[in-house]
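Undergrad: Quick one: structure below, then a few questions.
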Amino acid sequence: MSVWLYYSAVLLLLVSNVLGFAMNLAALPGNWWIVAGTALFCWFSRNNEHYVSWYVFGVLVGLAIIGELLEFAAGTAGAAKSGASRRAMALSVVGGIVGSIVGAVFGVPIPVIGSAIAAMLGGAVGAAAGAAIGEDWKGSDLQSSIQVGSGAFWGRILGTAGKVAVGGVMLVIVTIDSLW
């Protein structure tokens, strides 16, 4: 592979990975997008003098798993800490996904970062609403439902922030390994 072709492929990989990083804000599997793109790059550049090592690929898989666990654990822990039932925690997850999608759609008119921010906030609001509905469905009073919803909101925000941070680390690792 020529140097020009290799660095063109690196540029494509980095643009793809930035897209994956941004996908994390919308509660999409952005870290797995980074893993998949890096796997393709590893495969196609395996006979080249420069390449992303399979060791680094393994590290990325581990980090992607950690990112998913952080997002899930923080989201449900926020609700659980407030005394949520299993039903409320399950509806919090569903509400977070629906809220992220709705937020991403409503954020489109704001250029560049509108969808990402709206998806993150929409996911948090959806998680809060799902948890509050779950508690209300269980028969809890309004104050308890609001408290559980608030815990789910902040848990979702922290979980998304953790997943985004892991995605940022992944992006830096791939960038460094592909250029050196």
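Ligands are numbered from 1 in the order shown, residues from 1 within each chain, and chains are lettered A, B, ... in the order they appear in the structure tokens.
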If you run DSSP on this backbone, which residues of stretch 2-164 of chain A come out as alpha helix (DSSP H), and could you give them as a ChimeraX atom specification?

TA: /A:3-25,30-44,54-81,86-106,114-138,142-164

Undergrad: Compile the contact shell of stretch 98-108 of chain A as a VMD selection string: residues with an atom at most 9 Å away, counting only C-alpha atoms, same-chain residues fewer than 4 positions apart removed.

TA: chain A and resid 25 to 28 93 to 94 112 to 127

Undergrad: Would you mind listing what lies within 6 Å of A:Val148 as a count of residues only, with only C-alpha atoms counted and same-chain residues fewer than 3 positions away left out?

TA: 5

Undergrad: My list of candidates is A:Asn17, A:Val174, A:Gly96, A:Glu71. Which is closest to A:Ala161 when distances are computed with only C-alpha atoms?

TA: A:Glu71

Undergrad: Given the choices A:Ile173, A:Val166, A:Ala131, A:Ala73, which gets closest to A:Phe153 if the distance is worked out from only C-alpha atoms?

TA: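 Of all the options, A:Ala131 lies closest to A:Phe153.
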